[in-house]
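Coordinates from model-v1.cif are shown below (mmCIF, C-alpha atoms).
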data_model
loop_
_atom_site.label_atom_id
_atom_site.label_comp_id
_atom_site.auth_asym_id
_atom_site.auth_seq_id
_atom_site.Cartn_x
_atom_site.Cartn_y
_atom_site.Cartn_z
CA MET A 1 5.25 -8.53 16.98
CA VAL A 2 2.50 -10.84 15.76
CA VAL A 3 -0.62 -11.46 17.85
CA ASN A 4 -3.77 -13.45 17.15
CA SER A 5 -7.31 -12.13 16.98
CA ARG A 6 -7.88 -12.78 20.67
CA GLY A 7 -4.84 -10.62 21.30
CA ASP A 8 -6.41 -7.89 19.17
CA TYR A 9 -9.54 -7.92 21.31
CA ALA A 10 -7.50 -8.00 24.51
CA MET A 11 -5.58 -4.91 23.43
CA TYR A 12 -8.80 -3.12 22.55
CA GLU A 13 -9.99 -3.79 26.09
CA LYS A 14 -6.83 -2.60 27.81
CA PRO A 15 -7.24 1.16 27.32
CA GLU A 16 -9.79 1.66 30.10
CA VAL A 17 -11.18 4.77 28.37
CA LEU A 18 -12.92 2.59 25.76
CA LEU A 19 -16.60 2.08 26.45
CA GLU A 20 -18.26 -1.32 26.11
CA GLU A 21 -20.23 -0.11 23.10
CA SER A 22 -16.98 0.96 21.42
CA LEU A 23 -15.46 -2.48 22.01
CA GLU A 24 -18.54 -4.15 20.53
CA PHE A 25 -18.42 -1.82 17.52
CA MET A 26 -14.75 -2.67 16.90
CA LYS A 27 -15.33 -6.42 17.30
CA LYS A 28 -18.20 -6.24 14.82
CA LEU A 29 -16.01 -4.35 12.34
CA MET A 30 -13.18 -6.82 12.88
CA SER A 31 -15.35 -9.80 11.96
CA SER A 32 -16.15 -8.33 8.53
CA SER A 33 -13.00 -6.29 7.91
CA GLY A 34 -11.05 -8.89 5.95
CA VAL A 35 -8.18 -8.65 8.47
CA GLY A 36 -7.05 -12.14 9.45
CA PRO A 37 -6.28 -13.79 12.80
CA GLN A 38 -2.54 -13.00 12.82
CA THR A 39 -1.29 -9.46 12.28
CA ALA A 40 1.51 -7.33 13.72
CA TRP A 41 1.33 -4.72 16.47
CA PRO A 42 4.35 -2.79 17.81
CA PRO A 43 5.97 -3.82 21.13
CA ALA A 44 4.85 -0.57 22.77
CA ILE A 45 1.23 -1.70 22.32
CA THR A 46 1.55 -5.48 22.82
CA ARG A 47 3.12 -4.88 26.23
CA CYS A 48 -0.39 -4.24 27.55
CA LEU A 49 -1.03 -7.99 27.16
CA GLU A 50 1.57 -8.48 29.91
CA GLY A 51 -0.19 -6.07 32.25
CA LEU A 52 2.08 -3.13 31.42
CA PRO A 53 0.78 0.31 30.38
CA LEU A 54 0.89 1.37 26.75
CA ASP A 55 4.02 3.31 25.82
CA ASN A 56 3.40 6.04 23.23
CA SER A 57 6.68 7.86 23.80
CA ALA A 58 8.89 9.12 20.97
CA GLU A 59 11.55 6.56 21.89
CA ALA A 60 9.03 3.70 21.69
CA ALA A 61 7.87 4.95 18.28
CA ARG A 62 11.46 5.21 17.09
CA GLU A 63 12.12 1.64 18.28
CA GLU A 64 9.13 0.38 16.29
CA SER A 65 10.50 2.01 13.14
CA ARG A 66 14.00 0.69 13.84
CA ILE A 67 12.78 -2.90 14.20
CA VAL A 68 10.69 -2.84 11.01
CA ILE A 69 13.00 -0.78 8.80
CA SER A 70 16.28 -2.43 9.81
CA ASP A 71 14.92 -5.88 8.99
CA CYS A 72 13.57 -4.75 5.60
CA VAL A 73 16.79 -2.99 4.59
CA LYS A 74 18.98 -5.87 5.76
CA ASN A 75 16.93 -8.36 3.74
CA VAL A 76 16.98 -6.35 0.51
CA LEU A 77 20.72 -5.68 0.78
CA GLU A 78 21.39 -9.40 1.30
CA SER A 79 19.02 -10.61 -1.42
CA THR A 80 20.48 -8.18 -4.00
CA LYS A 81 24.07 -8.69 -2.75
CA THR A 82 24.47 -4.92 -2.40
CA ASP A 83 27.05 -3.18 -0.23
CA PRO A 84 25.32 -0.37 1.76
CA ARG A 85 28.02 2.03 0.59
CA ASP A 86 27.02 1.41 -3.04
CA VAL A 87 23.57 2.97 -2.50
CA ASP A 88 23.39 6.42 -4.10
CA ILE A 89 19.81 7.46 -3.25
CA LEU A 90 17.75 6.69 -0.13
CA ILE A 91 14.02 7.47 0.10
CA VAL A 92 11.93 6.67 3.18
CA ASN A 93 8.21 7.31 3.49
CA CYS A 94 6.29 7.17 6.77
CA SER A 95 3.18 9.29 7.14
CA LEU A 96 2.46 9.52 10.86
CA PHE A 97 5.95 9.51 12.40
CA SER A 98 8.53 12.06 11.31
CA PRO A 99 11.20 12.40 14.03
CA THR A 100 14.45 14.31 14.05
CA PRO A 101 17.00 12.99 13.27
CA SER A 102 15.03 11.50 10.40
CA LEU A 103 14.38 7.84 9.62
CA CYS A 104 16.79 8.28 6.69
CA ALA A 105 19.51 9.34 9.14
CA MET A 106 18.77 6.26 11.25
CA ILE A 107 19.32 3.96 8.25
CA ILE A 108 22.43 5.78 7.04
CA ASN A 109 24.05 5.52 10.47
CA GLU A 110 23.03 1.93 11.17
CA PHE A 111 24.27 0.62 7.81
CA ASN A 112 27.26 2.99 7.54
CA MET A 113 26.25 4.40 4.16
CA ARG A 114 28.24 7.03 2.24
CA SER A 115 28.34 10.63 3.39
CA ASP A 116 27.32 11.91 -0.07
CA ILE A 117 24.18 9.78 -0.34
CA LEU A 118 21.06 11.64 -1.49
CA SER A 119 18.42 11.05 1.21
CA TYR A 120 14.74 12.05 1.23
CA ASN A 121 12.27 11.55 4.07
CA LEU A 122 8.58 11.78 3.04
CA SER A 123 5.85 12.21 5.65
CA GLY A 124 2.12 12.92 5.66
CA MET A 125 1.66 11.47 2.15
CA GLY A 126 -0.72 8.68 3.19
CA CYS A 127 -1.02 5.11 1.96
CA SER A 128 -0.04 6.00 -1.60
CA ALA A 129 3.40 7.27 -0.57
CA GLY A 130 5.06 4.05 -1.77
CA VAL A 131 4.27 4.91 -5.40
CA ILE A 132 5.26 8.54 -4.77
CA SER A 133 8.65 7.32 -3.53
CA ILE A 134 9.11 5.18 -6.64
CA ASP A 135 8.20 8.16 -8.83
CA LEU A 136 10.69 10.37 -6.97
CA ALA A 137 13.44 7.75 -7.34
CA LYS A 138 12.68 7.44 -11.07
CA ASN A 139 12.99 11.18 -11.62
CA LEU A 140 16.19 11.46 -9.56
CA MET A 141 17.82 8.57 -11.41
CA LYS A 142 17.18 10.21 -14.78
CA GLY A 143 19.92 12.68 -13.91
CA ARG A 144 22.18 10.12 -12.23
CA PRO A 145 23.20 7.26 -14.55
CA ASN A 146 24.62 4.05 -13.06
CA SER A 147 22.91 4.64 -9.72
CA LEU A 148 21.25 2.53 -7.04
CA ALA A 149 18.19 3.80 -5.17
CA LEU A 150 16.85 2.24 -1.99
CA VAL A 151 13.15 2.92 -1.31
CA VAL A 152 11.69 2.09 2.13
CA SER A 153 7.94 2.23 2.82
CA THR A 154 6.55 1.85 6.33
CA GLU A 155 4.09 3.23 8.88
CA ASN A 156 4.22 3.73 12.65
CA LEU A 157 1.41 2.80 15.05
CA THR A 158 2.96 3.44 18.47
CA GLN A 159 1.70 7.01 18.68
CA ALA A 160 -1.21 6.51 16.27
CA LEU A 161 -3.45 4.18 18.31
CA TYR A 162 -6.72 5.98 19.07
CA HIS A 163 -7.86 6.01 22.71
CA GLY A 164 -11.29 7.60 22.35
CA ASN A 165 -14.81 6.42 21.56
CA GLU A 166 -15.85 8.24 18.37
CA ARG A 167 -16.64 5.65 15.70
CA SER A 168 -15.11 7.47 12.75
CA PHE A 169 -11.76 7.29 14.57
CA LEU A 170 -12.11 3.71 15.84
CA VAL A 171 -11.99 2.25 12.33
CA GLN A 172 -8.24 2.91 12.16
CA ASN A 173 -7.64 0.65 15.19
CA VAL A 174 -9.38 -2.21 13.39
CA LEU A 175 -7.62 -1.92 10.02
CA PHE A 176 -4.10 -0.56 10.47
CA ARG A 177 -1.16 -2.78 11.43
CA CYS A 178 2.66 -2.75 11.45
CA GLY A 179 4.49 -3.40 8.22
CA GLY A 180 7.31 -2.31 6.00
CA ALA A 181 9.04 -3.03 2.72
CA ALA A 182 12.32 -2.11 1.03
CA VAL A 183 12.91 -2.05 -2.73
CA MET A 184 16.17 -1.64 -4.63
CA LEU A 185 16.07 0.22 -7.96
CA SER A 186 18.93 0.40 -10.46
CA ASN A 187 19.58 2.08 -13.81
CA LYS A 188 22.82 0.15 -14.41
CA TRP A 189 22.37 -1.77 -17.65
CA MET A 190 24.15 -4.87 -16.28
CA ASP A 191 21.54 -5.15 -13.49
CA GLY A 192 18.91 -5.79 -16.12
CA TYR A 193 20.11 -9.39 -16.27
CA ARG A 194 19.22 -10.04 -12.62
CA ALA A 195 16.35 -7.61 -11.96
CA ASN A 196 12.88 -9.07 -11.49
CA PHE A 197 10.92 -6.14 -12.93
CA LYS A 198 11.36 -3.09 -15.13
CA LEU A 199 9.46 0.09 -14.24
CA LEU A 200 7.35 1.14 -17.23
CA THR A 201 5.48 4.18 -15.94
CA THR A 202 4.14 6.01 -12.90
CA VAL A 203 1.02 8.16 -12.78
CA ARG A 204 0.21 10.48 -9.87
CA THR A 205 -3.20 12.07 -9.34
CA HIS A 206 -4.21 14.51 -6.62
CA TYR A 207 -8.01 14.56 -6.65
CA VAL A 208 -9.63 17.78 -5.43
CA SER A 209 -13.33 17.87 -4.59
CA GLN A 210 -15.62 18.90 -1.77
CA GLY A 211 -14.82 16.65 1.18
CA SER A 212 -11.88 14.84 -0.42
CA MET A 213 -9.38 16.58 1.87
CA GLU A 214 -11.09 15.22 5.00
CA CYS A 215 -11.66 11.62 3.87
CA VAL A 216 -8.56 10.56 5.81
CA TYR A 217 -7.79 13.24 8.38
CA GLN A 218 -5.53 13.25 11.42
CA THR A 219 -7.05 15.40 14.13
CA GLU A 220 -8.48 15.32 17.67
CA ASP A 221 -11.94 14.19 18.74
CA SER A 222 -14.21 16.21 21.00
CA LEU A 223 -12.16 15.10 24.04
CA THR A 224 -8.80 15.96 22.36
CA ASN A 225 -7.83 12.33 21.75
CA THR A 226 -5.63 12.25 18.64
CA GLY A 227 -6.44 9.83 15.85
CA VAL A 228 -7.08 9.40 12.14
CA ARG A 229 -10.70 10.05 11.17
CA LEU A 230 -12.00 8.01 8.23
CA SER A 231 -15.00 9.35 6.31
CA LYS A 232 -17.90 7.23 5.11
CA ASP A 233 -17.32 8.74 1.65
CA ILE A 234 -13.82 7.32 1.34
CA VAL A 235 -14.77 4.51 -1.07
CA LYS A 236 -16.75 6.93 -3.27
CA VAL A 237 -13.92 9.49 -3.35
CA ALA A 238 -11.35 6.74 -4.00
CA GLY A 239 -13.40 5.63 -7.02
CA GLN A 240 -13.52 9.16 -8.42
CA ALA A 241 -9.79 9.65 -7.86
CA MET A 242 -9.06 6.32 -9.55
CA GLU A 243 -11.13 7.37 -12.58
CA LYS A 244 -8.93 10.48 -12.97
CA ASN A 245 -5.76 8.44 -12.55
CA PHE A 246 -6.78 5.75 -15.02
CA THR A 247 -7.74 8.36 -17.61
CA ALA A 248 -4.10 9.43 -17.58
CA LEU A 249 -2.79 5.86 -17.30
CA GLY A 250 -4.85 4.41 -20.19
CA PRO A 251 -2.67 5.59 -23.12
CA TYR A 252 0.38 3.93 -21.54
CA VAL A 253 -1.09 0.46 -21.04
CA LEU A 254 -4.24 -0.05 -23.14
CA PRO A 255 -4.10 -1.57 -26.63
CA ILE A 256 -5.06 0.69 -29.53
CA SER A 257 -8.40 -1.11 -29.97
CA GLU A 258 -9.49 -0.13 -26.44
CA GLN A 259 -8.31 3.45 -26.87
CA LEU A 260 -10.25 3.77 -30.13
CA LYS A 261 -13.44 2.61 -28.38
CA VAL A 262 -12.96 5.34 -25.77
CA VAL A 263 -12.42 7.97 -28.48
CA ALA A 264 -15.50 6.74 -30.39
CA SER A 265 -17.69 7.05 -27.31
CA LEU A 266 -16.38 10.58 -26.65
CA VAL A 267 -17.17 11.61 -30.23
CA ALA A 268 -20.64 10.05 -30.01
CA ARG A 269 -21.35 11.92 -26.77
CA TYR A 270 -20.16 15.20 -28.30
CA ILE A 271 -22.33 14.78 -31.41
CA SER A 272 -25.34 13.78 -29.29
CA LYS A 273 -24.95 16.92 -27.21
CA LEU A 274 -24.41 19.06 -30.32
CA VAL A 275 -27.64 17.96 -31.99
CA GLY A 276 -29.58 18.18 -28.74
CA SER A 277 -30.50 14.52 -28.62
CA SER A 278 -32.44 13.43 -25.54
CA LYS A 279 -30.79 10.03 -25.68
CA ARG A 280 -27.75 9.92 -23.41
CA VAL A 281 -24.68 8.19 -24.83
CA SER A 282 -22.81 6.33 -22.13
CA MET A 283 -19.05 6.63 -21.81
CA TYR A 284 -17.15 3.48 -22.77
CA LEU A 285 -15.25 2.01 -19.85
CA PRO A 286 -12.07 0.40 -21.19
CA ASP A 287 -11.08 -3.10 -20.12
CA PHE A 288 -7.77 -2.67 -18.31
CA LYS A 289 -7.40 -6.44 -18.10
CA ARG A 290 -6.38 -6.28 -21.78
CA GLY A 291 -3.30 -4.24 -20.87
CA ILE A 292 -2.54 -5.50 -17.36
CA ASP A 293 -1.99 -9.10 -16.25
CA HIS A 294 -1.77 -8.72 -12.47
CA PHE A 295 -3.18 -6.14 -10.06
CA CYS A 296 -1.87 -4.92 -6.69
CA VAL A 297 -4.78 -2.94 -5.23
CA HIS A 298 -3.93 -1.14 -1.99
CA ALA A 299 -5.28 -3.24 0.89
CA GLY A 300 -7.01 -0.28 2.52
CA GLY A 301 -9.95 -2.38 3.62
CA ARG A 302 -12.41 -4.87 2.22
CA GLY A 303 -14.64 -2.05 0.92
CA VAL A 304 -11.77 -0.49 -1.04
CA ILE A 305 -10.82 -3.81 -2.66
CA ASP A 306 -14.46 -4.64 -3.43
CA GLY A 307 -14.94 -1.20 -4.99
CA VAL A 308 -11.93 -1.48 -7.30
CA GLU A 309 -12.90 -5.03 -8.25
CA LYS A 310 -16.37 -3.84 -9.23
CA ASN A 311 -15.30 -0.66 -11.05
CA LEU A 312 -12.62 -2.38 -13.13
CA LYS A 313 -14.70 -5.53 -13.61
CA LEU A 314 -11.91 -7.68 -12.22
CA THR A 315 -12.18 -11.36 -11.37
CA PRO A 316 -11.53 -12.77 -7.88
CA ARG A 317 -8.13 -13.93 -9.15
CA HIS A 318 -7.11 -10.37 -9.96
CA VAL A 319 -7.68 -9.16 -6.37
CA GLU A 320 -6.42 -12.31 -4.69
CA ALA A 321 -3.08 -10.67 -3.83
CA SER A 322 -4.86 -7.71 -2.22
CA ARG A 323 -7.12 -9.91 -0.11
CA TYR A 324 -4.07 -11.93 0.92
CA ALA A 325 -2.24 -8.80 2.10
CA LEU A 326 -5.26 -7.51 4.02
CA HIS A 327 -5.97 -10.90 5.62
CA THR A 328 -2.36 -11.71 6.51
CA TYR A 329 -0.93 -8.31 7.43
CA GLY A 330 -3.86 -5.89 7.75
CA ASN A 331 -3.68 -2.40 6.25
CA THR A 332 0.06 -1.71 6.38
CA SER A 333 -0.39 1.63 4.61
CA SER A 334 2.17 2.37 1.86
CA SER A 335 3.88 -1.02 2.13
CA SER A 336 0.73 -3.06 1.38
CA ILE A 337 1.30 -3.02 -2.40
CA TRP A 338 4.71 -4.63 -1.85
CA TYR A 339 3.25 -7.51 0.16
CA GLU A 340 0.93 -7.99 -2.79
CA MET A 341 3.82 -7.88 -5.26
CA ASP A 342 5.56 -10.56 -3.18
CA TYR A 343 2.42 -12.70 -3.38
CA ILE A 344 2.36 -12.35 -7.16
CA ARG A 345 6.08 -13.19 -7.38
CA ASN A 346 5.34 -16.39 -5.44
CA SER A 347 2.45 -17.15 -7.78
CA ASN A 348 2.86 -19.74 -10.51
CA SER A 349 0.78 -17.54 -12.83
CA LEU A 350 3.44 -14.82 -13.22
CA ARG A 351 5.27 -15.03 -16.55
CA VAL A 352 8.10 -13.07 -18.17
CA GLY A 353 6.63 -10.28 -20.30
CA GLN A 354 3.54 -9.79 -18.13
CA ARG A 355 2.61 -6.45 -16.60
CA VAL A 356 1.83 -5.77 -12.95
CA LEU A 357 -0.18 -2.68 -11.92
CA GLN A 358 0.11 -1.20 -8.43
CA ILE A 359 -2.75 1.08 -7.35
CA ALA A 360 -2.57 3.01 -4.08
CA PHE A 361 -4.86 5.56 -2.43
CA GLY A 362 -3.70 8.23 0.00
CA SER A 363 -4.96 11.09 2.13
CA GLY A 364 -5.42 14.43 0.47
CA PHE A 365 -6.96 12.74 -1.68
CA LYS A 366 -4.51 10.89 -3.92
CA CYS A 367 -4.61 7.95 -6.29
CA ASN A 368 -1.21 6.89 -7.62
CA SER A 369 -0.27 3.99 -9.84
CA CYS A 370 2.78 2.38 -11.40
CA VAL A 371 3.24 -0.38 -13.94
CA TRP A 372 6.01 -3.00 -13.87
CA LEU A 373 7.12 -5.43 -16.56
CA CYS A 374 8.33 -8.85 -15.44
CA ILE A 375 11.72 -9.40 -17.12
CA ASN A 376 13.04 -12.28 -15.02
CA LYS A 377 11.08 -15.02 -13.22
CA GLN A 378 13.40 -16.24 -10.51
CA ASN A 379 12.56 -19.14 -8.23
CA GLN A 380 11.31 -17.74 -4.94
CA LYS A 381 11.58 -19.31 -1.53
CA LYS A 382 8.16 -20.56 -0.54
CA ASN A 383 6.47 -18.12 1.83
CA PRO A 384 4.54 -20.14 4.46
CA ARG A 385 1.99 -17.34 4.83
CA VAL A 386 1.29 -17.37 1.08
CA GLU A 387 0.93 -21.15 1.10
CA SER A 388 -1.40 -21.01 4.13
CA PHE A 389 -3.60 -18.36 2.50
CA LYS A 390 -3.84 -20.31 -0.77
CA HIS A 391 -4.75 -23.46 1.15
CA ASP A 392 -7.53 -21.61 3.00
CA GLU A 393 -8.86 -20.14 -0.25
CA GLU A 394 -8.92 -23.56 -1.89
CA LYS A 395 -10.92 -24.92 1.03
CA LYS A 396 -13.47 -22.12 0.62
CA THR A 397 -14.05 -22.95 -3.05
CA LYS A 398 -14.64 -26.65 -2.42
#
Could the structure of this file be written out as structure tokens, please?
Amino acid sequence: MVVNSRGDYAMYEKPEVLLEESLEFMKKLMSSSGVGPQTAWPPAITRCLEGLPLDNSAEAAREESRIVISDCVKNVLESTKTDPRDVDILIVNCSLFSPTPSLCAMIINEFNMRSDILSYNLSGMGCSAGVISIDLAKNLMKGRPNSLALVVSTENLTQALYHGNERSFLVQNVLFRCGGAAVMLSNKWMDGYRANFKLLTTVRTHYVSQGSMECVYQTEDSLTNTGVRLSKDIVKVAGQAMEKNFTALGPYVLPISEQLKVVASLVARYISKLVGSSKRVSMYLPDFKRGIDHFCVHAGGRGVIDGVEKNLKLTPRHVEASRYALHTYGNTSSSSIWYEMDYIRNSNSLRVGQRVLQIAFGSGFKCNSCVWLCINKQNQKKNPRVESFKHDEEKKTK
């Protein structure tokens, strides 16, 4: 399912409805998008490289999901040595493809899971649905001690490829790619000895403002071609949503000294307003690096990563995992934060006791976050893609 950048361009050229100016626009975006030379497209789209027509049927879309999800679930069951029939809760999130029977039903049947398993299929929740799924699993497990929850995050491109020429829709073809991840959660106390991370907290924010609803919007263009329209204001709205989310997150992760500085600035602003002072007191922006050691910023695009890096005053090292995920896999929607987590797990800088923050943005507009504590640092198999990316980054700095 992996093609190189020349393959990307070839696939852009295959739908004969695309005008030359649209192809040039997409190629220009591609060169500065941060998406690398090898990313994954579904078989229903790559078949055009063999001279066959694109297949956007429901069966082709289901096959894409089956290939991605089955591999993810199989790997997590094997790596955790879990029998499929021991799974108590199953949560699958996929925004753009919600068939019946559901993707949950597909997994339950393929892996012969129990008939009393609690299954939940989330759709339309955007790129932040991975954190939403974790939050749902956390709340369900509070009432079910000694349980195992399997969370699967993926997206489907077979029916989502845009075949028109309006630029606000074409951006999705440049950024989005196939991807998926599966995570096993447990509240069995014995599993604490072998788990890699402990979930500390989740914070969900639905940001409502003028235009926020249409920042990421699935609709038709003027010629009724279906696609996902991305607004130019998306980075701005994402920043405002993140500010709301981090206001709620701060008390859970920031040291007391940083929280006191925030309170002091709020008091100073209130007094200044009360006495009618013309001098404006700026709000103190807390340093989240004092409470978080590693960051997984949703790889929504280079602009999104750059914006978060600037707003949080992060260093290039802090967003290295995000740039790796974008470069190596593209924007894989809700699963991107798990590719980043895998990069951090393969990093020599991760230590027991350190905190990892996952930040994801989704349509609607949502900003969701969760914080993990590293409790076991197990030796990971070297990922050749991680090693290749690190080698390329080292060459750039020389």
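Closest approach to Tyr120 (chain A) from the set A:Arg323, A:Leu90, A:Ser147, A:Trp372 is made by A:Leu90, with distances taken over only C-alpha atoms.
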Take the PyMOL selection byres ((chain A and resi 206) around 12), apply it to the structure above, and return the hits as JSON, numbers by chain. {"A": [125, 126, 128, 132, 203, 204, 205, 207, 208, 209, 212, 213, 237, 238, 240, 241, 242, 243, 244, 245, 360, 361, 362, 363, 364, 365, 366, 367, 368, 369]}
If you measure from CA of Pro42 (chain A) to CA of Cys215 (chain A), what distance in Å do you get, rounded to one decimal?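 Result for CA of Pro42 (chain A) versus CA of Cys215 (chain A): 25.7 Å, one decimal.
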Please identify all polymer residues within 10 Å of Phe25 (chain A), counting all atoms listed in the file, omitting same-chain residues fewer than 6 positions from it, and present them as a count of residues only. 6
Around the point (22.9, -2.5, 2.6) (coordinates from the file), which residues reach within 9 Å if we count all atoms listed in the file? Answer as a short mmCIF file (atom, residue, chain, number, x, y, z; two decimals) with C-alpha atoms, in the coordinates of the input.
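Saved file selection-v2.cif follows:
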data_model
loop_
_atom_site.label_atom_id
_atom_site.label_comp_id
_atom_site.auth_asym_id
_atom_site.auth_seq_id
_atom_site.Cartn_x
_atom_site.Cartn_y
_atom_site.Cartn_z
CA VAL A 73 16.79 -2.99 4.59
CA LYS A 74 18.98 -5.87 5.76
CA ASN A 75 16.93 -8.36 3.74
CA VAL A 76 16.98 -6.35 0.51
CA LEU A 77 20.72 -5.68 0.78
CA GLU A 78 21.39 -9.40 1.30
CA LYS A 81 24.07 -8.69 -2.75
CA THR A 82 24.47 -4.92 -2.40
CA ASP A 83 27.05 -3.18 -0.23
CA PRO A 84 25.32 -0.37 1.76
CA ARG A 85 28.02 2.03 0.59
CA ASP A 86 27.02 1.41 -3.04
CA VAL A 87 23.57 2.97 -2.50
CA PHE A 111 24.27 0.62 7.81
CA ASN A 112 27.26 2.99 7.54
CA MET A 113 26.25 4.40 4.16
CA LEU A 150 16.85 2.24 -1.99
#
Using the chain letters and numbers from this file, what does the PyMOL selection byres ((chain A and resi 327-339) around 9) select? Give the answer as a PyMOL selection string. chain A and resi 33-40+93-95+126-131+152-155+174-183+296-301+321-326+340-344+358-362+385-386+389
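Counting from CA of Ser257 (chain A), the distance to CA of Leu285 (chain A) is 12.6 Å.
Between CA of Ile117 (chain A) and CA of Asn376 (chain A) lies a distance of 28.7 Å.
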Pick the closest to Arg351 (chain A) from A:Trp189, A:Tyr162, A:Phe197, A:Trp41: which is it, counting only C-alpha atoms?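 Closest to Arg351 (chain A) of all the choices is A:Phe197.
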Once N, CA and C atoms are restored for region 225-240 of chain A, what would the output be as an mmCIF file, keeping the file's coordinate frame?
data_model
loop_
_atom_site.group_PDB
_atom_site.id
_atom_site.type_symbol
_atom_site.label_atom_id
_atom_site.label_comp_id
_atom_site.auth_asym_id
_atom_site.auth_seq_id
_atom_site.Cartn_x
_atom_site.Cartn_y
_atom_site.Cartn_z
ATOM 1 N N ASN A 225 -8.586 13.546 22.037
ATOM 2 C CA ASN A 225 -7.830 12.330 21.750
ATOM 3 C C ASN A 225 -7.422 12.353 20.285
ATOM 4 N N THR A 226 -6.132 12.190 20.020
ATOM 5 C CA THR A 226 -5.630 12.250 18.640
ATOM 6 C C THR A 226 -5.855 10.926 17.923
ATOM 7 N N GLY A 227 -6.238 11.029 16.660
ATOM 8 C CA GLY A 227 -6.440 9.830 15.850
ATOM 9 C C GLY A 227 -6.629 10.201 14.389
ATOM 10 N N VAL A 228 -6.827 9.191 13.570
ATOM 11 C CA VAL A 228 -7.080 9.400 12.140
ATOM 12 C C VAL A 228 -8.557 9.139 11.876
ATOM 13 N N ARG A 229 -9.263 10.169 11.439
ATOM 14 C CA ARG A 229 -10.700 10.050 11.170
ATOM 15 C C ARG A 229 -10.914 9.606 9.733
ATOM 16 N N LEU A 230 -11.688 8.532 9.563
ATOM 17 C CA LEU A 230 -12.000 8.010 8.230
ATOM 18 C C LEU A 230 -13.443 8.323 7.881
ATOM 19 N N SER A 231 -13.655 8.953 6.744
ATOM 20 C CA SER A 231 -15.000 9.350 6.310
ATOM 21 C C SER A 231 -15.745 8.192 5.683
ATOM 22 N N LYS A 232 -17.074 8.240 5.771
ATOM 23 C CA LYS A 232 -17.900 7.230 5.110
ATOM 24 C C LYS A 232 -17.832 7.345 3.592
ATOM 25 N N ASP A 233 -17.390 8.498 3.102
ATOM 26 C CA ASP A 233 -17.320 8.740 1.650
ATOM 27 C C ASP A 233 -16.008 8.269 1.034
ATOM 28 N N ILE A 234 -15.159 7.623 1.817
ATOM 29 C CA ILE A 234 -13.820 7.320 1.340
ATOM 30 C C ILE A 234 -13.835 6.411 0.100
ATOM 31 N N VAL A 235 -14.720 5.416 0.077
ATOM 32 C CA VAL A 235 -14.770 4.510 -1.070
ATOM 33 C C VAL A 235 -15.238 5.259 -2.317
ATOM 34 N N LYS A 236 -16.230 6.133 -2.153
ATOM 35 C CA LYS A 236 -16.750 6.930 -3.270
ATOM 36 C C LYS A 236 -15.669 7.854 -3.829
ATOM 37 N N VAL A 237 -14.973 8.562 -2.931
ATOM 38 C CA VAL A 237 -13.920 9.490 -3.350
ATOM 39 C C VAL A 237 -12.765 8.723 -3.986
ATOM 40 N N ALA A 238 -12.428 7.558 -3.431
ATOM 41 C CA ALA A 238 -11.350 6.740 -4.000
ATOM 42 C C ALA A 238 -11.694 6.332 -5.437
ATOM 43 N N GLY A 239 -12.965 5.998 -5.682
ATOM 44 C CA GLY A 239 -13.400 5.630 -7.020
ATOM 45 C C GLY A 239 -13.263 6.780 -8.000
ATOM 46 N N GLN A 240 -13.627 7.983 -7.554
ATOM 47 C CA GLN A 240 -13.520 9.160 -8.420
ATOM 48 C C GLN A 240 -12.064 9.517 -8.694
#
